[in-house]
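**Q** Let me begin by handing over the structure; questions about it come next.
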Amino acid sequence: MLAGRRDRRREEVAWLVSVSPDYVKCPEQGRTHPSGAVLRALARTLRLSC
């Protein structure tokens with residue numbers, strides 16, 4: 001899983017980004033392509049730079 005903070009669980013990241021845990025899991029597995037807004041929210045949540 002992508003993680004700026006390795007201790008964040010998928011469920012916590014999903015809650016912080018306001019998406020379902022499955023929505024976070026699918027791109028990890030290459031099954032979907034999230035929107036730019038979701039990617040930016042994930043990056044902010046994980047403290048990654050875009």
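In the structure tokens, chains take letters A, B, ... by order of appearance, with residues numbered from 1 within each chain and ligands from 1 in the order shown.
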Using only C-alpha atoms, which protein or nucleic acid residues come within 9 Å of region 24-29 of chain A? Drop anything in the same chain fewer than 4 positions from it, and give the result as a list in words.

**A**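 Everything that qualifies: Met1, Leu2, Arg10, Glu11, Val13, Ala14, Val19, Ser20, His33, Pro34 and Leu42 of chain A.
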
**Q** Take the selection from the previous step and output its residues with N, CA and C atoms, as a PDB file, in the first residue's frame.

**A**
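Resulting contents of out_15.pdb:
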```
ATOM      1  N   MET A   1       0.830  -1.178   0.000  1.00  0.00           N
ATOM      2  CA  MET A   1       0.000   0.000   0.000  1.00  0.00           C
ATOM      3  C   MET A   1       0.873   1.240   0.000  1.00  0.00           C
ATOM      4  N   LEU A   2       0.453   2.263  -0.703  1.00  0.00           N
ATOM      5  CA  LEU A   2       1.139   3.534  -0.638  1.00  0.00           C
ATOM      6  C   LEU A   2       1.006   4.076   0.762  1.00  0.00           C
ATOM      7  N   ARG A  10      -5.614   0.781   5.504  1.00  0.00           N
ATOM      8  CA  ARG A  10      -6.447   1.131   4.348  1.00  0.00           C
ATOM      9  C   ARG A  10      -7.777   1.744   4.794  1.00  0.00           C
ATOM     10  N   GLU A  11      -8.375   1.183   5.837  1.00  0.00           N
ATOM     11  CA  GLU A  11      -9.665   1.681   6.306  1.00  0.00           C
ATOM     12  C   GLU A  11      -9.550   3.112   6.818  1.00  0.00           C
ATOM     13  N   VAL A  13      -7.215   5.361   5.961  1.00  0.00           N
ATOM     14  CA  VAL A  13      -6.963   6.231   4.807  1.00  0.00           C
ATOM     15  C   VAL A  13      -8.260   6.490   4.056  1.00  0.00           C
ATOM     16  N   ALA A  14      -9.033   5.450   3.833  1.00  0.00           N
ATOM     17  CA  ALA A  14     -10.305   5.607   3.123  1.00  0.00           C
ATOM     18  C   ALA A  14     -11.226   6.567   3.865  1.00  0.00           C
ATOM     19  N   VAL A  19     -13.763   7.972   1.064  1.00  0.00           N
ATOM     20  CA  VAL A  19     -14.079   6.945   0.073  1.00  0.00           C
ATOM     21  C   VAL A  19     -14.131   5.605   0.805  1.00  0.00           C
ATOM     22  N   SER A  20     -14.593   4.578   0.125  1.00  0.00           N
ATOM     23  CA  SER A  20     -14.662   3.255   0.752  1.00  0.00           C
ATOM     24  C   SER A  20     -13.290   2.589   0.728  1.00  0.00           C
ATOM     25  N   HIS A  33      -8.876   3.357 -11.974  1.00  0.00           N
ATOM     26  CA  HIS A  33      -8.060   4.564 -12.006  1.00  0.00           C
ATOM     27  C   HIS A  33      -8.835   5.670 -11.302  1.00  0.00           C
ATOM     28  N   PRO A  34      -8.391   6.068 -10.092  1.00  0.00           N
ATOM     29  CA  PRO A  34      -9.122   7.090  -9.348  1.00  0.00           C
ATOM     30  C   PRO A  34      -9.021   8.456 -10.011  1.00  0.00           C
ATOM     31  N   LEU A  42      -5.670  11.560  -1.439  1.00  0.00           N
ATOM     32  CA  LEU A  42      -4.806  10.491  -0.927  1.00  0.00           C
ATOM     33  C   LEU A  42      -3.403  11.024  -0.644  1.00  0.00           C
TER      34      LEU A  42
END
```

**Q** Write out as a ChimeraX atom specification which residues come within 9 Å of Thr45 (chain A) when counting only C-alpha atoms, dropping same-chain ones fewer than 5 positions away.

**A** /A:4,13,16-17,40

**Q** Store the residues picked out above in a file with N, CA and C atoms, as an mmCIF file, in the first residue's frame.

**A**
```
data_model
loop_
_atom_site.group_PDB
_atom_site.id
_atom_site.type_symbol
_atom_site.label_atom_id
_atom_site.label_comp_id
_atom_site.auth_asym_id
_atom_site.auth_seq_id
_atom_site.Cartn_x
_atom_site.Cartn_y
_atom_site.Cartn_z
ATOM 1 N N GLY A 4 2.693 7.371 3.210
ATOM 2 C CA GLY A 4 3.635 8.344 3.718
ATOM 3 C C GLY A 4 3.882 8.026 5.183
ATOM 4 N N VAL A 13 -7.215 5.361 5.961
ATOM 5 C CA VAL A 13 -6.963 6.231 4.807
ATOM 6 C C VAL A 13 -8.260 6.490 4.056
ATOM 7 N N LEU A 16 -10.382 8.973 5.956
ATOM 8 C CA LEU A 16 -9.835 10.324 5.883
ATOM 9 C C LEU A 16 -10.058 10.978 4.519
ATOM 10 N N VAL A 17 -10.119 10.151 3.463
ATOM 11 C CA VAL A 17 -10.312 10.660 2.105
ATOM 12 C C VAL A 17 -11.794 10.666 1.721
ATOM 13 N N ARG A 40 -5.298 13.464 -5.274
ATOM 14 C CA ARG A 40 -4.796 14.591 -4.480
ATOM 15 C C ARG A 40 -5.146 14.414 -2.998
#
```

**Q** How many Å separate CA of Gly30 (chain A) from CA of Arg8 (chain A)?

**A**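 Distance reported for this atom pair: 20.3 Å.
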
**Q** What are the DSSP alpha helix (DSSP H) residues of region 3-43 of chain A, as a list in words?

**A** Arg10, Glu11, Glu12, Val13, Ala14, Trp15, Leu16, Val17, Pro21, Asp22, Tyr23, Val24, Lys25, Cys26, Pro27, Glu28, Gly36, Ala37, Val38, Leu39, Arg40, Ala41, Leu42 and Ala43 of chain A

**Q** Distance CA of Thr32 (chain A)-CA of Ser49 (chain A), one decimal place?

**A** 21.6 Å
